[in-house]
Amino acid sequence: GQGRTFARAVVAGVKDILSMKRTSIAFALIISLLSLAAAGFNGCGKSNTITSITVTPADPYLAKDTEQQLFVTAHFSDGMNLIFWTQVTWQSSDPEVATVSSNGRVSAVNDGIAVITATDIAHPSITASVTVSVTDLTIDPAVATISAGTSTQQFTAKALFSGATTSIAPKDLTTLVSWASFSTAIAEISNVTPSHGIATAVSAGTTTITATYVA
């Protein structure tokens with residue numbers, strides 16, 4: 001991630017770490033289920049086929065040179081859902097903004113917006129997409145003075161596409177970021193609806209307010 005304070009806050013690209021312990025029997029069972037589900041299978045005289053897929057996280061924001069892992073959930077006609085579905089191909093609408101690997105890992109290249117699409121291998125008509133925004137995150141105002149115990153200050157976080165090849169309007173992320181004060185003894189800031197980004201002075205002094213976006 002890239003650390004920024006005041007005018008520029010923190011945009012965090014979180015690496016998801018999955019720790020799974022499986023017995024050999026459980027692992028074999030999972031592989032068997034995935035293989036059967038990929039082609040559709042019959043059970044109790046009823047055909048069970050994949051009907052749709054979804055991609056998460058939905059519409060993430062990334063800082064340039066960070067990464068984000070995307071995941072697919074497969075939905076079947078009998079109501080069953082399989083998470084971490086891997087029987088898909090991945091494609092980016094604009095590799096100059098964001099690329100995507102064969103396992104769904106997105107790399108942010110330049111400011112802008114790219115649509116990342118997953119397509120089921122066995123059923124090419126079944127697709128799902130998310131919009132990835134590669135952006136700088138800024139805080140407004142950059143500097144503020146608050147009277148201790150008597151006033152508050154609303155801070156807003158915006159995604160700015162300053163390096164984008166085409167003009168893209170800033171997006172308000174005030175309610176989507178996590179706000180923090182380096183010194184809560186001087187000023188506190190809210191992460192609770194509907195007061196996201198509202199800072200309250202506690203005592204005299206100076207503190208730094210940061211906003212972190214985590215997909």
# chains A, B, ... in the order shown; residues from 1 in each chain; ligands from 1
>>> select_by_dssp(residues="region 35-192 of chain A", states="alpha helix (DSSP H)", output="PyMOL selection string")
chain A and resi 35-39
>>> write_last_selection(atoms="N, CA and C atoms", output="PDB file, in the first residue's frame")
ATOM      1  N   SER A  35     -15.245 -31.336  -9.957  1.00  0.00           N
ATOM      2  CA  SER A  35     -15.236 -31.963 -11.271  1.00  0.00           C
ATOM      3  C   SER A  35     -16.645 -32.274 -11.748  1.00  0.00           C
ATOM      4  N   LEU A  36     -17.478 -32.783 -10.833  1.00  0.00           N
ATOM      5  CA  LEU A  36     -18.856 -33.100 -11.187  1.00  0.00           C
ATOM      6  C   LEU A  36     -19.644 -31.828 -11.494  1.00  0.00           C
ATOM      7  N   ALA A  37     -19.458 -30.810 -10.665  1.00  0.00           N
ATOM      8  CA  ALA A  37     -20.222 -29.580 -10.839  1.00  0.00           C
ATOM      9  C   ALA A  37     -19.846 -28.850 -12.109  1.00  0.00           C
ATOM     10  N   ALA A  38     -18.581 -28.945 -12.523  1.00  0.00           N
ATOM     11  CA  ALA A  38     -18.128 -28.234 -13.718  1.00  0.00           C
ATOM     12  C   ALA A  38     -18.914 -28.651 -14.945  1.00  0.00           C
ATOM     13  N   ALA A  39     -19.281 -29.920 -15.012  1.00  0.00           N
ATOM     14  CA  ALA A  39     -19.999 -30.411 -16.172  1.00  0.00           C
ATOM     15  C   ALA A  39     -21.499 -30.517 -15.949  1.00  0.00           C
TER      16      ALA A  39
END
>>> residues_around(residues="region 56-63 of chain A", least_positions_apart="5", cutoff="6 Å", atoms="only C-alpha atoms", output="short mmCIF file (atom, residue, chain, number, x, y, z; two decimals) with all heavy atoms, in the first residue's frame")
data_model
loop_
_atom_site.label_atom_id
_atom_site.label_comp_id
_atom_site.auth_asym_id
_atom_site.auth_seq_id
_atom_site.Cartn_x
_atom_site.Cartn_y
_atom_site.Cartn_z
N VAL A 11 -4.44 4.03 0.63
CA VAL A 11 -5.23 3.07 -0.11
C VAL A 11 -4.56 1.73 0.08
O VAL A 11 -3.39 1.57 -0.26
CB VAL A 11 -5.29 3.41 -1.61
CG1 VAL A 11 -6.08 2.34 -2.35
CG2 VAL A 11 -5.95 4.76 -1.82
N LEU A 70 -9.43 -11.67 -6.65
CA LEU A 70 -10.87 -11.82 -6.88
C LEU A 70 -11.25 -13.28 -6.71
O LEU A 70 -10.44 -14.18 -6.97
CB LEU A 70 -11.24 -11.34 -8.29
CG LEU A 70 -10.93 -9.89 -8.63
CD1 LEU A 70 -11.37 -9.58 -10.06
CD2 LEU A 70 -11.58 -8.94 -7.64
N PHE A 71 -12.49 -13.51 -6.27
CA PHE A 71 -12.98 -14.87 -6.06
C PHE A 71 -14.32 -15.05 -6.78
O PHE A 71 -15.09 -14.10 -6.93
CB PHE A 71 -13.17 -15.14 -4.57
CG PHE A 71 -11.91 -15.03 -3.77
CD1 PHE A 71 -11.62 -13.87 -3.07
CD2 PHE A 71 -11.01 -16.08 -3.72
CE1 PHE A 71 -10.45 -13.75 -2.34
CE2 PHE A 71 -9.84 -15.98 -2.99
CZ PHE A 71 -9.55 -14.81 -2.30
N VAL A 130 -16.76 -7.35 -12.48
CA VAL A 130 -16.64 -6.28 -11.48
C VAL A 130 -15.85 -5.15 -12.12
O VAL A 130 -15.07 -5.36 -13.05
CB VAL A 130 -15.93 -6.75 -10.19
CG1 VAL A 130 -16.77 -7.78 -9.46
CG2 VAL A 130 -14.54 -7.29 -10.49
N THR A 131 -16.08 -3.94 -11.63
CA THR A 131 -15.34 -2.78 -12.12
C THR A 131 -14.23 -2.45 -11.15
O THR A 131 -14.48 -2.21 -9.96
CB THR A 131 -16.27 -1.56 -12.27
OG1 THR A 131 -17.31 -1.89 -13.22
CG2 THR A 131 -15.50 -0.35 -12.76
N VAL A 132 -13.01 -2.46 -11.63
CA VAL A 132 -11.84 -2.14 -10.82
C VAL A 132 -11.41 -0.71 -11.10
O VAL A 132 -11.21 -0.33 -12.26
CB VAL A 132 -10.67 -3.11 -11.11
CG1 VAL A 132 -9.41 -2.67 -10.38
CG2 VAL A 132 -11.05 -4.52 -10.71
N SER A 133 -11.32 0.10 -10.05
CA SER A 133 -10.88 1.49 -10.19
C SER A 133 -9.48 1.63 -9.62
O SER A 133 -9.24 1.27 -8.47
CB SER A 133 -11.84 2.44 -9.46
OG SER A 133 -13.15 2.33 -9.97
N VAL A 134 -8.57 2.12 -10.44
CA VAL A 134 -7.20 2.39 -9.99
C VAL A 134 -7.10 3.90 -9.79
O VAL A 134 -7.29 4.67 -10.73
CB VAL A 134 -6.16 1.91 -11.01
CG1 VAL A 134 -4.74 2.19 -10.51
CG2 VAL A 134 -6.34 0.42 -11.30
N THR A 135 -6.82 4.33 -8.56
CA THR A 135 -7.01 5.73 -8.23
C THR A 135 -6.12 6.19 -7.08
O THR A 135 -5.58 5.36 -6.33
CB THR A 135 -8.48 5.97 -7.86
OG1 THR A 135 -8.67 7.31 -7.44
CG2 THR A 135 -8.90 5.07 -6.71
N ALA A 215 -10.83 -3.44 0.18
CA ALA A 215 -11.88 -4.12 -0.56
C ALA A 215 -12.39 -5.33 0.21
O ALA A 215 -11.63 -5.97 0.91
CB ALA A 215 -11.38 -4.54 -1.92
#
>>> select_by_dssp(residues="region 111-188 of chain A", states="strand (DSSP E or B)", output="VMD selection string")
chain A and resid 112 to 120 127 to 134 136 to 140 152 to 154 156 to 160 171 to 172 178 to 181 187 to 188
>>> write_last_selection(atoms="N, CA, C and O atoms", output="compact mmCIF listing (two decimals), in the first residue's frame")
# COMPACT_ATOMS: atom_id res chain seq x y z
N GLY A 112 -7.43 4.80 -13.67
CA GLY A 112 -8.52 4.58 -14.63
C GLY A 112 -9.46 3.50 -14.14
O GLY A 112 -9.41 3.09 -12.97
N ILE A 113 -10.31 3.04 -15.03
CA ILE A 113 -11.31 2.03 -14.71
C ILE A 113 -11.24 0.88 -15.71
O ILE A 113 -11.17 1.11 -16.92
N ALA A 114 -11.25 -0.34 -15.19
CA ALA A 114 -11.24 -1.53 -16.06
C ALA A 114 -12.29 -2.51 -15.55
O ALA A 114 -12.49 -2.65 -14.35
N VAL A 115 -12.96 -3.16 -16.48
CA VAL A 115 -13.95 -4.18 -16.13
C VAL A 115 -13.27 -5.55 -16.21
O VAL A 115 -12.71 -5.92 -17.24
N ILE A 116 -13.31 -6.27 -15.09
CA ILE A 116 -12.72 -7.61 -15.03
C ILE A 116 -13.85 -8.64 -15.12
O ILE A 116 -14.79 -8.60 -14.33
N THR A 117 -13.76 -9.54 -16.09
CA THR A 117 -14.83 -10.50 -16.35
C THR A 117 -14.34 -11.93 -16.17
O THR A 117 -13.28 -12.30 -16.66
N ALA A 118 -15.16 -12.71 -15.44
CA ALA A 118 -14.91 -14.14 -15.29
C ALA A 118 -15.92 -14.89 -16.15
O ALA A 118 -17.11 -14.55 -16.15
N THR A 119 -15.45 -15.90 -16.90
CA THR A 119 -16.32 -16.68 -17.78
C THR A 119 -16.19 -18.16 -17.42
O THR A 119 -15.08 -18.69 -17.33
N ASP A 120 -17.32 -18.81 -17.17
CA ASP A 120 -17.29 -20.23 -16.84
C ASP A 120 -16.78 -21.03 -18.03
O ASP A 120 -17.23 -20.85 -19.16
N THR A 127 -21.25 -15.53 -17.35
CA THR A 127 -20.16 -14.62 -17.00
C THR A 127 -20.56 -13.75 -15.81
O THR A 127 -21.74 -13.64 -15.47
N ALA A 128 -19.56 -13.12 -15.21
CA ALA A 128 -19.79 -12.14 -14.14
C ALA A 128 -18.65 -11.14 -14.19
O ALA A 128 -17.50 -11.50 -14.51
N SER A 129 -18.95 -9.88 -13.88
CA SER A 129 -17.93 -8.84 -13.98
C SER A 129 -17.93 -7.94 -12.75
O SER A 129 -18.93 -7.81 -12.05
N VAL A 130 -16.76 -7.35 -12.48
CA VAL A 130 -16.64 -6.28 -11.48
C VAL A 130 -15.85 -5.15 -12.12
O VAL A 130 -15.07 -5.36 -13.05
N THR A 131 -16.08 -3.94 -11.63
CA THR A 131 -15.34 -2.78 -12.12
C THR A 131 -14.23 -2.45 -11.15
O THR A 131 -14.48 -2.21 -9.96
N VAL A 132 -13.01 -2.46 -11.63
CA VAL A 132 -11.84 -2.14 -10.82
C VAL A 132 -11.41 -0.71 -11.10
O VAL A 132 -11.21 -0.33 -12.26
N SER A 133 -11.32 0.10 -10.05
CA SER A 133 -10.88 1.49 -10.19
C SER A 133 -9.48 1.63 -9.62
O SER A 133 -9.24 1.27 -8.47
N VAL A 134 -8.57 2.12 -10.44
CA VAL A 134 -7.20 2.39 -9.99
C VAL A 134 -7.10 3.90 -9.79
O VAL A 134 -7.29 4.67 -10.73
N ASP A 136 -5.99 7.50 -6.93
CA ASP A 136 -5.41 8.10 -5.74
C ASP A 136 -6.56 8.46 -4.80
O ASP A 136 -7.62 8.88 -5.25
N LEU A 137 -6.32 8.31 -3.51
CA LEU A 137 -7.34 8.66 -2.52
C LEU A 137 -6.91 9.95 -1.82
O LEU A 137 -5.80 10.06 -1.33
N THR A 138 -7.80 10.95 -1.79
CA THR A 138 -7.48 12.22 -1.15
C THR A 138 -8.51 12.54 -0.06
O THR A 138 -9.65 12.09 -0.12
N ILE A 139 -8.06 13.31 0.93
CA ILE A 139 -8.92 13.74 2.02
C ILE A 139 -9.14 15.24 1.93
O ILE A 139 -8.20 16.00 1.69
N ASP A 140 -10.38 15.66 2.14
CA ASP A 140 -10.73 17.07 2.12
C ASP A 140 -11.51 17.41 3.40
O ASP A 140 -12.45 16.69 3.73
N THR A 152 -17.04 20.13 15.57
CA THR A 152 -16.63 18.95 14.82
C THR A 152 -16.21 19.37 13.42
O THR A 152 -16.45 20.50 13.00
N GLN A 153 -15.59 18.44 12.70
CA GLN A 153 -15.17 18.71 11.33
C GLN A 153 -15.49 17.49 10.46
O GLN A 153 -15.11 16.37 10.80
N GLN A 154 -16.23 17.73 9.38
CA GLN A 154 -16.52 16.66 8.43
C GLN A 154 -15.37 16.53 7.44
O GLN A 154 -15.01 17.48 6.75
N THR A 156 -14.03 14.34 4.06
CA THR A 156 -14.51 13.49 2.97
C THR A 156 -13.32 12.84 2.29
O THR A 156 -12.23 13.42 2.21
N ALA A 157 -13.53 11.62 1.81
CA ALA A 157 -12.50 10.89 1.06
C ALA A 157 -12.99 10.73 -0.37
O ALA A 157 -14.13 10.30 -0.61
N LYS A 158 -12.12 11.08 -1.32
CA LYS A 158 -12.50 10.99 -2.72
C LYS A 158 -11.44 10.25 -3.53
O LYS A 158 -10.25 10.38 -3.27
N ALA A 159 -11.93 9.48 -4.49
CA ALA A 159 -11.04 8.81 -5.44
C ALA A 159 -10.80 9.75 -6.61
O ALA A 159 -11.75 10.18 -7.27
N LEU A 160 -9.54 10.09 -6.84
CA LEU A 160 -9.18 10.99 -7.93
C LEU A 160 -8.38 10.23 -8.98
O LEU A 160 -7.38 9.57 -8.66
N LYS A 171 -14.86 10.20 -7.28
CA LYS A 171 -15.91 9.44 -6.62
C LYS A 171 -15.80 9.58 -5.12
O LYS A 171 -14.71 9.49 -4.55
N ASP A 172 -16.93 9.80 -4.47
CA ASP A 172 -16.95 9.98 -3.01
C ASP A 172 -16.91 8.62 -2.33
O ASP A 172 -17.80 7.79 -2.51
N SER A 178 -12.14 3.33 6.00
CA SER A 178 -12.00 3.26 7.45
C SER A 178 -11.19 4.46 7.91
O SER A 178 -10.05 4.66 7.47
N TRP A 179 -11.78 5.27 8.78
CA TRP A 179 -11.14 6.50 9.25
C TRP A 179 -10.35 6.23 10.53
O TRP A 179 -10.75 5.40 11.35
N ALA A 180 -9.24 6.95 10.70
CA ALA A 180 -8.45 6.79 11.92
C ALA A 180 -7.75 8.10 12.26
O ALA A 180 -7.41 8.89 11.37
N SER A 181 -7.53 8.31 13.55
CA SER A 181 -6.74 9.43 14.05
C SER A 181 -5.50 8.87 14.71
O SER A 181 -5.58 7.93 15.50
N ALA A 187 -7.90 14.09 18.91
CA ALA A 187 -9.13 14.13 18.11
C ALA A 187 -9.56 12.72 17.76
O ALA A 187 -8.73 11.85 17.49
N GLU A 188 -10.87 12.49 17.80
CA GLU A 188 -11.45 11.22 17.41
C GLU A 188 -12.20 11.41 16.10
O GLU A 188 -12.67 12.51 15.81
>>> atom_distance(atom1="CA of Thr166 (chain A)", atom2="CA of Ser92 (chain A)")
17.1 Å
>>> residues_around(residues="Ser107 (chain A)", least_positions_apart="2", cutoff="6 Å", atoms="only C-alpha atoms", output="list of chain:residue names")
A:Glu67, A:Ala98, A:Thr99
>>> write_last_selection(atoms="all heavy atoms", output="tab-separated table (two decimals), in the first residue's frame")
chain	number	residue	atom	x	y	z
A	67	GLU	N	-2.22	-4.95	-5.57
A	67	GLU	CA	-2.91	-6.11	-6.13
A	67	GLU	C	-4.16	-6.43	-5.32
A	67	GLU	O	-4.28	-6.04	-4.15
A	67	GLU	CB	-1.99	-7.33	-6.16
A	67	GLU	CG	-0.79	-7.18	-7.06
A	67	GLU	CD	0.07	-8.44	-7.09
A	67	GLU	OE1	0.02	-9.21	-6.10
A	67	GLU	OE2	0.78	-8.66	-8.08
A	98	ALA	N	-5.58	-2.15	-15.56
A	98	ALA	CA	-5.46	-3.28	-14.63
A	98	ALA	C	-5.38	-4.58	-15.42
A	98	ALA	O	-6.14	-4.79	-16.37
A	98	ALA	CB	-6.65	-3.32	-13.68
A	99	THR	N	-4.46	-5.44	-15.01
A	99	THR	CA	-4.35	-6.76	-15.61
A	99	THR	C	-4.91	-7.79	-14.63
A	99	THR	O	-5.05	-7.53	-13.44
A	99	THR	CB	-2.89	-7.11	-15.93
A	99	THR	OG1	-2.13	-7.11	-14.71
A	99	THR	CG2	-2.29	-6.11	-16.91
>>> closest_residue(among="A:Val177, A:Ile168, A:Val143, A:Ala108", to="Pro95 (chain A)", atoms="only C-alpha atoms")
A:Ala108
>>> atom_distance(atom1="CA of Ala122 (chain A)", atom2="CA of Thr89 (chain A)")
10.3 Å
